[in-house]
Each structure stands twice: as C-alpha cells, then as structure tokens.
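Student: My structure is below; once you've seen it, I'll send some questions.
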Amino acid sequence: MSPIPRFLRLALYTLLILAGTVLAAGWAMQRAEQQALVDDAARGKAQLTLYANALHTLIERYRALPAVLALDPQLRAALTGPIDATQQDALNRKLERINGAARSSTLQLLDRNGLSVAASNWRLPSSYVGHDYGFRPYFNQTRAEGSGRFYAVGVTSGIPGYFLASAVTGDNGEFLGAMVVKLEFPELEHEWSKGNDTLLVSDARDIVFIANQPGWRYRLLRPLHDTDRSEIGSTRQYDKQSLSPLEYRSLQVFGDNSYLTRVDAPDGRADYLWESLPLPPEDWTLHLLRKPQMAAEERRNAGLAAAGLWLALVFLLLFLSQRWRLARLRQRSREELERLVEERTRDLRTAQDGLVQSAKLAALGQMSAALAHEINQPLTAQRMQLATLRLLLDHGRIEAAHQALDPLDQMLTRMAALTGHLKTYARQSPSGLREPLDLAGVVDQALQLLEPRLREDAVSSVLHLTRPAWVRGDAIRLEQVLINLLRNALDAMHDKPLKRLEIRIEARPPLWLLTVGDSGGGIAEEHLAKVFDPFFTTKPVGEGLGLGLAVSYAIVHELDGRLSVDNRQGGAHFSLTLPIAPEMNTR
Ligand code: ADP
C-alpha cells in the first residue's frame, strides 16, 4: 500500500477537525435548547401554581357569601309566601347593596322552583328578576345537596360567570329557594393578559371557558360525546356560543401535564410549552401555554463554547502527541549516543591496552640492549672464572676452587633475577587485575631491574619507604610505571654532574603518596602540561617514544590513583597516589 501523501493527510485531518467542530457545536446547541426547554417548562409549572392560587383565592372569597346570605331572616321570610312589589323592591335594593359591598358580579334569590324573585341587577335591562333558572344544574344541585356551583354563560346577560349557590331553608329544614352569587372574571382575564403567556381554564369536558387571549375561549381540547352535547344544550351552559375544536399535537413530553405542543392557535400555528394543572374542587384545569424562548445569542454561545472546547481538546491532544514523539526521538538519539560512547570507549580501551603493550615492548627492546650489555660482561667474567676454577682443580687446590665459586654463584643469581623479571614484564596482564601488594616491594623490584644503570651512572639514591605500603593493583603494571619514572629520571640526570635520586612512600590517609625526585634540571614550564600526552617526547629520535608517562598515567588512573609532576630542587618531582588498601592496614 502506498503511503498517503502528506498534503492529503493534512487535508483529511483538517476536515476531521472541522467536522468535529461542527458536530460539537451542533450538539451543544441542541443540548442548550433542550435544557432551556426543560428550564422553561419548570418555570411555567411554578407560574401555573401561582395563577391557580390566585383563581382559587378569588373563588374562595365568595364561596361563603351565598351561605351567609341564605341565613338572612328577611330573605327567608320572603320565600315563605307570595312577594308583593314593595317587598320585591326592598329585596332588590338589599341585594344590590350587598353585591356592591361584596364586589361580587351579581346576587340573586331564586324561589323553590328556580324563579328569580330578586336580583342585584334589577335596574339593568338584563335583569334576572322574573326569569326561570330551574334548568340550571346549580339549582338542582342546591336543592338536592344544599349547595351548588356551575360555570355558565349567562342566558340573560350573555356574560359568562361562575355561579355559587346555597339553599335557603325554612325552620324545619324544608327547601325554600336558593341564594346565588355570580362571579365574572374580567379582571382576572385582564390581569392575566398582561403577560406573554396564554392562560386557559377548561372545565371537566375540556372546554376552554376562560382565556386571556382572544380567540381561545370556547375551544374544545378534546371532541365532545353526544351525551356531553345534549347535556350542554339542556343546561345552556355555553348558551349560544359555538364550540370549535382546538387542533394540536404534542411533540415532546417533559413530565406530567408538561408538553412541547404544536398548536393551530388563533393567531397562527406555533410551538408552545403547554403546562396543565388540575384544580380539583372545581374540576377545572388551568393551562399555561408559552412560546419557547431561546435567545439566539444563548444558542450561539453554547455552540461557540462547545466548538472552543473541542478545538482546545484537539490541540491539547496534538500538542501531547507532538511532545511524545519528540521525547521518543530524543530517547532514541540518546540511546544511539550511548551506544556510540560505549563503542568508542571499548575501542579506546583496546587501543590503550595496545599502547601499554607496545610501550612495554619498546621498553623491553631498550632494556634488552642494556641487558645484553649487562649480561655479556658477567658472562665473560664467568668464563674466565671457570677457566681459573679448572686450573685450580687441576692443581688440586680444592680450597681455592671453593672460594672462586662464590662470585660465580652471585653473578648467576642476579642474572636469573633479571631474566625472571623480564619474563613477567612483557606479558599482557589482564586489565583490571587487583591483587593486594606492597608498593615498597614494587619500588624494590623496579630498582633491582635498573640496578645496572644506577650503578653505571653512579647515581646516589635516597629511599624513604614506609613498609609495607599495601595497595590493590597489578604488580607488573605498577612496576612498569615505576620503571618509566625512574628511567626518565636517569635520562634527565645522565649528563648532570650531580645525580641524586630520591624515592619516598608516605601515608596520607586514605592514600599512599609515592614521590620520585631527581636532580636532572626538571621539565620546561611549557612542557609540564604535556608530559602525560602520548607521543610527547623531548628525546632524540630513536631514543624516546613519548609513551612511558602516558601509559603510566593511564595505569595509575585505572587503579583509582593520580599521577602528577612539578619541578622541585633542580629536578622533576613526580607524585603518585594510590588508595590505601583498608584490609591490609593491620598486616
Ligand atoms: P619518553 O621517555 O619516551 O620521551 P615519556 O612519556 O616517558 O616518553 O616522557 C615524555 C617526556 O617527558 C620526556 O621526553 C621528557 O622530556 C619529559 N620528562 C619525563 N620525565 C622527566 C624527568 N624526570 N626530568 C625531565 N624531563 C622529563
């Protein structure tokens, strides 16, 4: 599969991010809208309760009025017999007064047949007096139960109202008639029409009879049964009003009596939050319809916030992945570097081992010449000695022959020591060998190896060696260091009249300090920093390789020691420190 081109991938990512942004914004806007609806519904519910309370309080205020008036002796007396004109006039005026004081709509007195015998509106053309209301349900209810109530459109006045009635009874409890108070709600409707909400009150048949907006009254919230229709007709509840259905369907349910509804409202089709609250005592239902109001700004803010959040998230992710990639890259290059360093270190170590070895070989070569010279002389001497010995034996001088053997013996012992040393000196010692050894012993060995030159050059050596000076190290390599230092000192003093070599070992806990001082004139100031560099030499070609000090330096460092140089008392002064081997302290 061929890899997707870079620009295509970029475009794809951009598209994805954009799509995500749009989706997030859309989702958030929808959520915000939904939430606003739910909040609105809850607010509507709370408001509905307030409206219901207001209505309830209004009705309650008048509920007791007919009952109290039914106890009035004058009214009761009037119903016991026929009423003459003066009596009726007095009753009319009385009811008119009370109605004015109670601020009810109308008060009227019905006789036992439902005929209105007196009414507070007697002066008006729409006076109730003389009309028969026996067909009204509240009258029959009052006759049967002692009290009644009914909402209806006034057949005489055409004004709808709530009729509350109480029975007027005789001394023996017999039914004499009914005291009726009519409540109209124009003030309530007026009050309610101030808000933006549509408020409706429907009766038990779901017919809207109170509405704060024009065109909503006398609408059916559900279809009527035939029985309903005939009952409404006989009680003339809504009299001449035509009842038309209100078309609506609910889109979403929020809870009990709480819907989002699409309504063919009188002022056009619209979606409403429709809250309903039953009013049990009256068997009515109060409705609150509110157009959902989601400010465009709120929607936009929600969308923007979501888009912002989404983008922040995307960029955070991008940032993190970038960081992660960088870290991985860094980690990889660090590993690569470490690997390289390790490789180089290994190479260097090999090279160093090679250097040590070649330095040793070079020293060996030089020493071989010296040794050949050194051994040649005793060999000649020994041959002569042997000849003398043979002569002595020939002459039977056993005693003298015996004596002549001693120097031979000594010479052989020394030669054996020399060759023994050389044998071990040239071997490749495994680096890192750490055996307990006495530093003073190492000095002894080195001196012994160089003894011929010391003697030849007539060097006076001064030794102050603390013994034993236990260190952990590789005897052969340390010996090589010592030999290098000593040979350099001898070289430096070669043509000097005063040849003085001073070697000291002192304890400087936690270190041993070994110093080698000579009287060879020292090292030039500008060379002091370079003498430990490989191949630095001031000696003529063929004599010096410039490796001795470099190798020595390396060996000492490998053993956790230090090697340094300065000029003192007319010569170079080398200081070598090595850690005191702790477990050897007491030995
Ligand atoms: P090489 O002996 O082969 O020259 P070294 O590394 O042993 O190599 O010594 C490097 C140089 O340090 C010598 O050539 C010499 O100039 C200087 N040097 C070393 N030891 C002494 C000393 N004791 N006195 C004066 N110069 C010295």
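Quick note on naming: the chains in the structure tokens go A, B, ... in the order shown, residues restart at 1 in each chain, and ligands are numbered from 1 in order of appearance.
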Grab me every residue within 6 Å of ligand 1, counting only C-alpha atoms and all ligand atoms, and send it over as a list in words.

Tutor: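 For ligand 1, the residues inside 6 Å are Asn484, Asn488, Ala489, Ala492, Gly520, Gly522, Ile523, Val531, Phe536, Thr537, Thr538, Lys539, Gly544, Leu545, Gly546, Leu547, Gly548, Leu549, Ala550 and Ala572 of chain A.
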
Student: Just the selected residues (all heavy atoms), exported as a short mmCIF file (atom, residue, chain, number, x, y, z; two decimals), in the first residue's frame, please.

Tutor:
data_model
loop_
_atom_site.label_atom_id
_atom_site.label_comp_id
_atom_site.auth_asym_id
_atom_site.auth_seq_id
_atom_site.Cartn_x
_atom_site.Cartn_y
_atom_site.Cartn_z
N ASN A 484 59.27 3.44 34.34
CA ASN A 484 59.18 4.62 33.47
C ASN A 484 59.68 5.86 34.18
O ASN A 484 60.45 6.65 33.64
CB ASN A 484 57.74 4.84 33.02
CG ASN A 484 57.36 3.90 31.88
OD1 ASN A 484 58.24 3.51 31.11
ND2 ASN A 484 56.10 3.53 31.81
N ASN A 488 63.14 7.79 33.23
CA ASN A 488 63.12 9.21 32.84
C ASN A 488 64.07 10.03 33.71
O ASN A 488 64.78 10.92 33.22
CB ASN A 488 61.70 9.77 32.96
CG ASN A 488 60.85 9.40 31.75
OD1 ASN A 488 61.40 9.05 30.69
ND2 ASN A 488 59.55 9.44 31.91
N ALA A 489 64.05 9.73 35.02
CA ALA A 489 64.92 10.46 35.95
C ALA A 489 66.39 10.22 35.57
O ALA A 489 67.21 11.16 35.51
CB ALA A 489 64.64 10.02 37.38
N ALA A 492 67.29 12.08 32.48
CA ALA A 492 67.43 13.52 32.71
C ALA A 492 68.76 13.84 33.38
O ALA A 492 69.36 14.90 33.13
CB ALA A 492 66.27 14.03 33.55
N GLY A 520 67.75 16.28 37.66
CA GLY A 520 68.03 16.33 36.22
C GLY A 520 67.66 17.64 35.56
O GLY A 520 67.52 17.70 34.34
N GLY A 522 64.80 19.26 35.75
CA GLY A 522 63.36 19.49 35.69
C GLY A 522 62.81 19.56 34.28
O GLY A 522 63.52 19.34 33.30
N ILE A 523 61.53 19.88 34.20
CA ILE A 523 60.82 19.92 32.93
C ILE A 523 60.51 21.37 32.61
O ILE A 523 60.08 22.13 33.49
CB ILE A 523 59.51 19.12 33.02
CG1 ILE A 523 59.82 17.67 33.42
CG2 ILE A 523 58.72 19.16 31.71
CD1 ILE A 523 58.63 16.85 33.80
N VAL A 531 53.57 16.49 29.37
CA VAL A 531 54.40 15.29 29.50
C VAL A 531 53.58 14.01 29.56
O VAL A 531 54.09 12.95 29.20
CB VAL A 531 55.34 15.37 30.73
CG1 VAL A 531 56.42 16.40 30.50
CG2 VAL A 531 54.57 15.60 32.00
N PHE A 536 54.46 12.52 23.44
CA PHE A 536 55.22 13.73 23.73
C PHE A 536 56.59 13.31 24.26
O PHE A 536 56.69 12.61 25.27
CB PHE A 536 54.51 14.60 24.77
CG PHE A 536 55.35 15.79 25.16
CD1 PHE A 536 55.39 16.93 24.36
CD2 PHE A 536 56.15 15.75 26.30
CE1 PHE A 536 56.18 17.99 24.70
CE2 PHE A 536 56.96 16.83 26.63
CZ PHE A 536 56.98 17.95 25.84
N THR A 537 57.60 13.73 23.53
CA THR A 537 58.96 13.41 23.99
C THR A 537 59.91 14.52 23.57
O THR A 537 59.66 15.21 22.58
CB THR A 537 59.43 12.06 23.40
OG1 THR A 537 60.75 11.81 23.87
CG2 THR A 537 59.43 12.06 21.87
N THR A 538 60.90 14.71 24.36
CA THR A 538 61.94 15.70 24.00
C THR A 538 63.23 14.98 23.67
O THR A 538 64.27 15.62 23.44
CB THR A 538 62.18 16.67 25.17
OG1 THR A 538 62.54 15.92 26.31
CG2 THR A 538 60.95 17.51 25.45
N LYS A 539 63.11 13.66 23.69
CA LYS A 539 64.35 12.89 23.46
C LYS A 539 64.59 12.73 21.97
O LYS A 539 63.63 12.77 21.17
CB LYS A 539 64.21 11.52 24.13
CG LYS A 539 64.18 11.67 25.65
CD LYS A 539 63.82 10.38 26.36
CE LYS A 539 63.55 10.69 27.82
NZ LYS A 539 63.00 9.54 28.54
N GLY A 544 63.40 8.09 22.42
CA GLY A 544 62.14 8.20 23.19
C GLY A 544 60.94 8.00 22.31
O GLY A 544 60.90 8.44 21.16
N LEU A 545 59.94 7.28 22.87
CA LEU A 545 58.69 7.06 22.13
C LEU A 545 57.62 8.05 22.59
O LEU A 545 56.63 8.27 21.92
CB LEU A 545 58.16 5.66 22.39
CG LEU A 545 58.73 4.54 21.52
CD1 LEU A 545 58.23 3.20 22.05
CD2 LEU A 545 58.33 4.73 20.08
N GLY A 546 57.82 8.63 23.79
CA GLY A 546 56.80 9.53 24.36
C GLY A 546 55.59 8.79 24.86
O GLY A 546 54.50 9.35 24.97
N LEU A 547 55.75 7.51 25.15
CA LEU A 547 54.60 6.72 25.60
C LEU A 547 54.67 6.40 27.09
O LEU A 547 53.63 6.14 27.72
CB LEU A 547 54.55 5.41 24.84
CG LEU A 547 53.96 5.49 23.44
CD1 LEU A 547 54.07 4.13 22.77
CD2 LEU A 547 52.51 5.95 23.50
N GLY A 548 55.86 6.43 27.65
CA GLY A 548 56.05 5.98 29.03
C GLY A 548 55.13 6.65 30.01
O GLY A 548 54.37 5.98 30.73
N LEU A 549 55.10 7.98 30.03
CA LEU A 549 54.29 8.69 31.03
C LEU A 549 52.79 8.57 30.72
O LEU A 549 51.98 8.45 31.62
CB LEU A 549 54.69 10.16 31.09
CG LEU A 549 56.01 10.42 31.83
CD1 LEU A 549 56.30 11.91 31.89
CD2 LEU A 549 55.99 9.84 33.24
N ALA A 550 52.49 8.57 29.42
CA ALA A 550 51.08 8.44 29.05
C ALA A 550 50.51 7.13 29.56
O ALA A 550 49.43 7.07 30.15
CB ALA A 550 50.92 8.55 27.55
N ALA A 572 62.88 17.22 38.27
CA ALA A 572 61.44 16.90 38.21
C ALA A 572 61.05 16.13 39.47
O ALA A 572 61.89 15.43 40.06
CB ALA A 572 61.16 16.07 36.98
#

Student: A:Ala211: which residues within 6 Å, counting only C-alpha atoms, same-chain residues fewer than 6 positions away excluded, as a PDB file with all heavy atoms, in the first residue's frame?

Tutor:
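Full text of around_30.pdb as output:
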ATOM      1  N   LEU A 199     -53.094  31.886  28.970  1.00  0.00           N
ATOM      2  CA  LEU A 199     -53.643  31.180  30.125  1.00  0.00           C
ATOM      3  C   LEU A 199     -55.062  30.771  29.804  1.00  0.00           C
ATOM      4  O   LEU A 199     -55.860  31.587  29.320  1.00  0.00           O
ATOM      5  CB  LEU A 199     -53.635  32.104  31.344  1.00  0.00           C
ATOM      6  CG  LEU A 199     -52.299  32.141  32.075  1.00  0.00           C
ATOM      7  CD1 LEU A 199     -52.202  33.368  32.933  1.00  0.00           C
ATOM      8  CD2 LEU A 199     -52.121  30.886  32.909  1.00  0.00           C
ATOM      9  N   LEU A 200     -55.345  29.502  30.041  1.00  0.00           N
ATOM     10  CA  LEU A 200     -56.680  28.981  29.751  1.00  0.00           C
ATOM     11  C   LEU A 200     -57.193  28.241  30.964  1.00  0.00           C
ATOM     12  O   LEU A 200     -56.420  27.663  31.711  1.00  0.00           O
ATOM     13  CB  LEU A 200     -56.634  28.003  28.570  1.00  0.00           C
ATOM     14  CG  LEU A 200     -55.876  28.418  27.313  1.00  0.00           C
ATOM     15  CD1 LEU A 200     -55.805  27.242  26.349  1.00  0.00           C
ATOM     16  CD2 LEU A 200     -56.573  29.606  26.649  1.00  0.00           C
ATOM     17  N   ARG A 217     -61.175  31.252  23.756  1.00  0.00           N
ATOM     18  CA  ARG A 217     -62.302  30.842  24.591  1.00  0.00           C
ATOM     19  C   ARG A 217     -63.296  30.006  23.775  1.00  0.00           C
ATOM     20  O   ARG A 217     -63.388  30.161  22.560  1.00  0.00           O
ATOM     21  CB  ARG A 217     -62.989  32.076  25.153  1.00  0.00           C
ATOM     22  CG  ARG A 217     -63.745  31.750  26.426  1.00  0.00           C
ATOM     23  CD  ARG A 217     -64.524  32.923  26.923  1.00  0.00           C
ATOM     24  NE  ARG A 217     -63.639  33.956  27.456  1.00  0.00           N
ATOM     25  CZ  ARG A 217     -64.016  35.224  27.538  1.00  0.00           C
ATOM     26  NH1 ARG A 217     -65.192  35.599  27.103  1.00  0.00           N
ATOM     27  NH2 ARG A 217     -63.195  36.118  28.044  1.00  0.00           N
TER      28      ARG A 217
END

Student: Residues of stretch 172-206 of chain A in strand (DSSP E or B) according to DSSP, as a PyMOL selection string?

Tutor: chain A and resi 175-183+198-202

Student: Atoms to include: all heavy atoms. Write the selected residues as an mmCIF file, in the first residue's frame.

Tutor:
data_model
loop_
_atom_site.group_PDB
_atom_site.id
_atom_site.type_symbol
_atom_site.label_atom_id
_atom_site.label_comp_id
_atom_site.auth_asym_id
_atom_site.auth_seq_id
_atom_site.Cartn_x
_atom_site.Cartn_y
_atom_site.Cartn_z
ATOM 1 N N PHE A 175 -86.800 23.038 51.825
ATOM 2 C CA PHE A 175 -86.165 23.842 50.794
ATOM 3 C C PHE A 175 -87.087 24.981 50.366
ATOM 4 O O PHE A 175 -88.208 24.756 49.930
ATOM 5 C CB PHE A 175 -85.820 22.955 49.593
ATOM 6 C CG PHE A 175 -85.161 23.683 48.478
ATOM 7 C CD1 PHE A 175 -83.828 24.098 48.593
ATOM 8 C CD2 PHE A 175 -85.854 23.984 47.303
ATOM 9 C CE1 PHE A 175 -83.210 24.766 47.552
ATOM 10 C CE2 PHE A 175 -85.233 24.664 46.267
ATOM 11 C CZ PHE A 175 -83.916 25.051 46.395
ATOM 12 N N LEU A 176 -86.598 26.203 50.537
ATOM 13 C CA LEU A 176 -87.424 27.365 50.200
ATOM 14 C C LEU A 176 -86.957 28.003 48.889
ATOM 15 O O LEU A 176 -87.736 28.598 48.169
ATOM 16 C CB LEU A 176 -87.337 28.419 51.310
ATOM 17 C CG LEU A 176 -87.891 28.002 52.677
ATOM 18 C CD1 LEU A 176 -87.714 29.147 53.669
ATOM 19 C CD2 LEU A 176 -89.368 27.647 52.562
ATOM 20 N N GLY A 177 -85.697 27.892 48.622
ATOM 21 C CA GLY A 177 -85.154 28.520 47.415
ATOM 22 C C GLY A 177 -83.636 28.498 47.468
ATOM 23 O O GLY A 177 -83.040 27.759 48.259
ATOM 24 N N ALA A 178 -83.014 29.319 46.618
ATOM 25 C CA ALA A 178 -81.543 29.317 46.575
ATOM 26 C C ALA A 178 -81.024 30.742 46.495
ATOM 27 O O ALA A 178 -81.607 31.584 45.820
ATOM 28 C CB ALA A 178 -81.043 28.524 45.388
ATOM 29 N N MET A 179 -79.941 30.966 47.218
ATOM 30 C CA MET A 179 -79.234 32.241 47.149
ATOM 31 C C MET A 179 -78.048 32.031 46.192
ATOM 32 O O MET A 179 -77.244 31.123 46.378
ATOM 33 C CB MET A 179 -78.739 32.592 48.556
ATOM 34 C CG MET A 179 -78.116 33.947 48.678
ATOM 35 S SD MET A 179 -79.351 35.225 48.387
ATOM 36 C CE MET A 179 -78.452 36.241 47.258
ATOM 37 N N VAL A 180 -77.957 32.855 45.164
ATOM 38 C CA VAL A 180 -76.938 32.615 44.140
ATOM 39 C C VAL A 180 -76.039 33.844 43.985
ATOM 40 O O VAL A 180 -76.533 34.963 43.911
ATOM 41 C CB VAL A 180 -77.602 32.319 42.776
ATOM 42 C CG1 VAL A 180 -76.537 31.991 41.741
ATOM 43 C CG2 VAL A 180 -78.604 31.185 42.895
ATOM 44 N N VAL A 181 -74.736 33.600 43.966
ATOM 45 C CA VAL A 181 -73.800 34.677 43.652
ATOM 46 C C VAL A 181 -73.124 34.315 42.326
ATOM 47 O O VAL A 181 -72.753 33.156 42.108
ATOM 48 C CB VAL A 181 -72.759 34.916 44.777
ATOM 49 C CG1 VAL A 181 -71.978 33.666 45.094
ATOM 50 C CG2 VAL A 181 -71.789 36.036 44.416
ATOM 51 N N LYS A 182 -73.045 35.321 41.456
ATOM 52 C CA LYS A 182 -72.363 35.063 40.192
ATOM 53 C C LYS A 182 -71.033 35.829 40.173
ATOM 54 O O LYS A 182 -70.991 37.013 40.522
ATOM 55 C CB LYS A 182 -73.229 35.521 39.012
ATOM 56 C CG LYS A 182 -72.598 35.232 37.666
ATOM 57 C CD LYS A 182 -73.399 35.836 36.543
ATOM 58 C CE LYS A 182 -72.712 35.617 35.202
ATOM 59 N NZ LYS A 182 -73.326 36.445 34.155
ATOM 60 N N LEU A 183 -69.974 35.087 39.817
ATOM 61 C CA LEU A 183 -68.651 35.727 39.710
ATOM 62 C C LEU A 183 -68.261 35.772 38.250
ATOM 63 O O LEU A 183 -68.366 34.763 37.540
ATOM 64 C CB LEU A 183 -67.594 34.914 40.470
ATOM 65 C CG LEU A 183 -67.827 34.709 41.950
ATOM 66 C CD1 LEU A 183 -66.732 33.826 42.518
ATOM 67 C CD2 LEU A 183 -67.832 36.045 42.668
ATOM 68 N N THR A 198 -50.094 32.428 27.335
ATOM 69 C CA THR A 198 -51.527 32.210 27.119
ATOM 70 C C THR A 198 -52.041 31.391 28.292
ATOM 71 O O THR A 198 -51.457 30.355 28.615
ATOM 72 C CB THR A 198 -51.750 31.437 25.811
ATOM 73 O OG1 THR A 198 -51.150 32.174 24.753
ATOM 74 C CG2 THR A 198 -53.226 31.237 25.546
ATOM 75 N N LEU A 199 -53.094 31.886 28.970
ATOM 76 C CA LEU A 199 -53.643 31.180 30.125
ATOM 77 C C LEU A 199 -55.062 30.771 29.804
ATOM 78 O O LEU A 199 -55.860 31.587 29.320
ATOM 79 C CB LEU A 199 -53.635 32.104 31.344
ATOM 80 C CG LEU A 199 -52.299 32.141 32.075
ATOM 81 C CD1 LEU A 199 -52.202 33.368 32.933
ATOM 82 C CD2 LEU A 199 -52.121 30.886 32.909
ATOM 83 N N LEU A 200 -55.345 29.502 30.041
ATOM 84 C CA LEU A 200 -56.680 28.981 29.751
ATOM 85 C C LEU A 200 -57.193 28.241 30.964
ATOM 86 O O LEU A 200 -56.420 27.663 31.711
ATOM 87 C CB LEU A 200 -56.634 28.003 28.570
ATOM 88 C CG LEU A 200 -55.876 28.418 27.313
ATOM 89 C CD1 LEU A 200 -55.805 27.242 26.349
ATOM 90 C CD2 LEU A 200 -56.573 29.606 26.649
ATOM 91 N N VAL A 201 -58.553 28.271 31.141
ATOM 92 C CA VAL A 201 -59.156 27.393 32.136
ATOM 93 C C VAL A 201 -60.196 26.572 31.395
ATOM 94 O O VAL A 201 -61.000 27.134 30.640
ATOM 95 C CB VAL A 201 -59.815 28.189 33.273
ATOM 96 C CG1 VAL A 201 -60.366 27.229 34.326
ATOM 97 C CG2 VAL A 201 -58.838 29.151 33.907
ATOM 98 N N SER A 202 -60.093 25.247 31.575
ATOM 99 C CA SER A 202 -61.058 24.380 30.892
ATOM 100 C C SER A 202 -61.886 23.654 31.949
ATOM 101 O O SER A 202 -61.428 23.460 33.072
ATOM 102 C CB SER A 202 -60.331 23.384 29.999
ATOM 103 O OG SER A 202 -59.507 22.554 30.781
#

Student: Quote the spacing between atom CA of A:Tyr151 and atom CA of A:Gln88 in Å to one decimal place.

Tutor: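 Those two atoms sit 26.9 Å apart.
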
Student: Just want the 12 Å neighbourhood of A:Asp72, counted on only C-alpha atoms, with same-chain residues fewer than 3 positions away dropped. Output as a ChimeraX atom specification.

Tutor: /A:65-69,75-79,91,94-95,98,109,167-170,179

Student: Would you export the selected residues with C-alpha atoms as a PDB file, in the first residue's frame, please?

Tutor:
ATOM      1  CA  LEU A  65     -71.258  34.568  50.661  1.00  0.00           C
ATOM      2  CA  PRO A  66     -74.436  32.704  49.490  1.00  0.00           C
ATOM      3  CA  ALA A  67     -74.378  30.502  52.589  1.00  0.00           C
ATOM      4  CA  VAL A  68     -74.257  33.523  54.873  1.00  0.00           C
ATOM      5  CA  LEU A  69     -76.962  35.343  52.937  1.00  0.00           C
ATOM      6  CA  LEU A  75     -84.755  36.659  52.600  1.00  0.00           C
ATOM      7  CA  ARG A  76     -86.006  33.530  54.253  1.00  0.00           C
ATOM      8  CA  ALA A  77     -89.271  35.211  55.175  1.00  0.00           C
ATOM      9  CA  ALA A  78     -89.713  36.473  51.629  1.00  0.00           C
ATOM     10  CA  LEU A  79     -89.565  32.954  50.231  1.00  0.00           C
ATOM     11  CA  LEU A  91     -85.160  42.767  48.361  1.00  0.00           C
ATOM     12  CA  LYS A  94     -80.837  44.946  49.610  1.00  0.00           C
ATOM     13  CA  LEU A  95     -79.155  42.532  47.225  1.00  0.00           C
ATOM     14  CA  ILE A  98     -74.706  43.692  49.488  1.00  0.00           C
ATOM     15  CA  LEU A 109     -82.599  34.967  45.079  1.00  0.00           C
ATOM     16  CA  ALA A 167     -80.052  26.578  49.732  1.00  0.00           C
ATOM     17  CA  VAL A 168     -82.386  28.808  51.731  1.00  0.00           C
ATOM     18  CA  THR A 169     -84.275  26.571  54.114  1.00  0.00           C
ATOM     19  CA  GLY A 170     -87.275  27.002  56.344  1.00  0.00           C
ATOM     20  CA  MET A 179     -79.234  32.241  47.149  1.00  0.00           C
TER      21      MET A 179
END

Student: Could you pull the residues within 7 Å of A:Arg472, counting only C-alpha atoms, minus those fewer than 3 positions along the same chain, as a list in words?

Tutor: Arg434, Glu435, Pro436, Leu437 and Ala581 of chain A

Student: Can you pull out every residue within 10 Å of A:Val253, counting only C-alpha atoms, but drop anything in the same chain fewer than 5 positions away, and send it as a ChimeraX atom specification?

Tutor: /A:258-261,273-274

Student: If we count only C-alpha atoms, what is near A:Asn113 at a cut-off of 10 Å, once residues fewer than 3 positions away on the same chain are taken out, given as a list of chain:residue names?

Tutor: A:Leu110, A:Ser116, A:Asp132, A:Tyr133, A:Gly134, A:Phe135, A:Phe139, A:Asn140, A:Arg143, A:Leu176, A:Gly177, A:Ala178

Student: Taking the chain letters and numbering used in this document, name the residues of stretch 3-209 of chain A that DSSP puts in helix (DSSP H, G or I), as a PyMOL selection string.

Tutor: chain A and resi 6-70+73-80+85-102+137-145+186-192

Student: Between A:Ala475, A:Val551, A:Gly130, A:Val556, which one has atoms that come closest to A:Gly354, using only C-alpha atoms?

Tutor: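 Under the stated criterion, the closest residue is A:Val551.
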
Student: Residues within 7 Å of A:Ser147, please, as an mmCIF file with N, CA, C and O atoms, in the first residue's frame. Count only C-alpha atoms; anything in the same chain fewer than 2 positions from it doesn't count.

Tutor:
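In the end it all went to selection.cif:
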data_model
loop_
_atom_site.group_PDB
_atom_site.id
_atom_site.type_symbol
_atom_site.label_atom_id
_atom_site.label_comp_id
_atom_site.auth_asym_id
_atom_site.auth_seq_id
_atom_site.Cartn_x
_atom_site.Cartn_y
_atom_site.Cartn_z
ATOM 1 N N GLN A 141 -78.730 21.073 41.951
ATOM 2 C CA GLN A 141 -77.696 20.586 42.889
ATOM 3 C C GLN A 141 -77.955 21.178 44.268
ATOM 4 O O GLN A 141 -77.863 20.478 45.282
ATOM 5 N N THR A 142 -78.328 22.456 44.313
ATOM 6 C CA THR A 142 -78.557 23.118 45.583
ATOM 7 C C THR A 142 -79.789 22.513 46.263
ATOM 8 O O THR A 142 -79.775 22.273 47.484
ATOM 9 N N GLU A 145 -78.443 18.992 47.337
ATOM 10 C CA GLU A 145 -77.293 18.839 48.251
ATOM 11 C C GLU A 145 -77.111 20.014 49.186
ATOM 12 O O GLU A 145 -76.216 20.015 50.027
ATOM 13 N N ALA A 165 -74.142 28.694 44.610
ATOM 14 C CA ALA A 165 -75.490 28.775 45.186
ATOM 15 C C ALA A 165 -75.569 28.052 46.533
ATOM 16 O O ALA A 165 -74.834 27.091 46.770
ATOM 17 N N SER A 166 -76.435 28.556 47.411
ATOM 18 C CA SER A 166 -76.645 27.926 48.709
ATOM 19 C C SER A 166 -78.160 27.840 48.938
ATOM 20 O O SER A 166 -78.900 28.779 48.600
ATOM 21 N N ALA A 167 -78.610 26.760 49.514
ATOM 22 C CA ALA A 167 -80.052 26.578 49.732
ATOM 23 C C ALA A 167 -80.542 27.501 50.841
ATOM 24 O O ALA A 167 -79.863 27.682 51.849
#

Student: Between A:Leu392, A:Leu124, A:Ala25, A:Leu188, which has the minimum distance to A:Leu58 (counting only C-alpha atoms)?

Tutor: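 Counting only C-alpha atoms, the residue closest to A:Leu58 is A:Leu188.
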
Student: Report, in Å with one decimal, the straight-line distance from atom CA of A:Trp470 to atom CA of A:Leu482.

Tutor: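 Value for the atom CA of A:Trp470-atom CA of A:Leu482 distance: 15.9 Å.
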
Student: Taking into account only C-alpha atoms, which residue in the set A:Phe150, A:Phe319, A:Trp512, A:Trp192 is nearest to A:Ala52?

Tutor: A:Trp192

Student: Which distance in Å separates atom CA of A:Thr388 and atom CA of A:Ala401, to one decimal?

Tutor: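 A separation of 8.2 Å between them.
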
Student: Can you work out which one of A:Ala204, A:Leu289, A:Ala306, A:Leu8 has the shortest atom-to-atom distance to A:Ala32, counting only C-alpha atoms?

Tutor: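 Comparing A:Ala204, A:Leu289, A:Ala306, A:Leu8 against A:Ala32, the winner is A:Ala306.
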
Student: Hey, which of A:Leu576, A:Val22, A:Met29, A:Leu498 ends up closest to A:Val459? Count only C-alpha atoms.

Tutor: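 Residue with the minimum atom-to-atom distance to A:Val459: A:Leu498.
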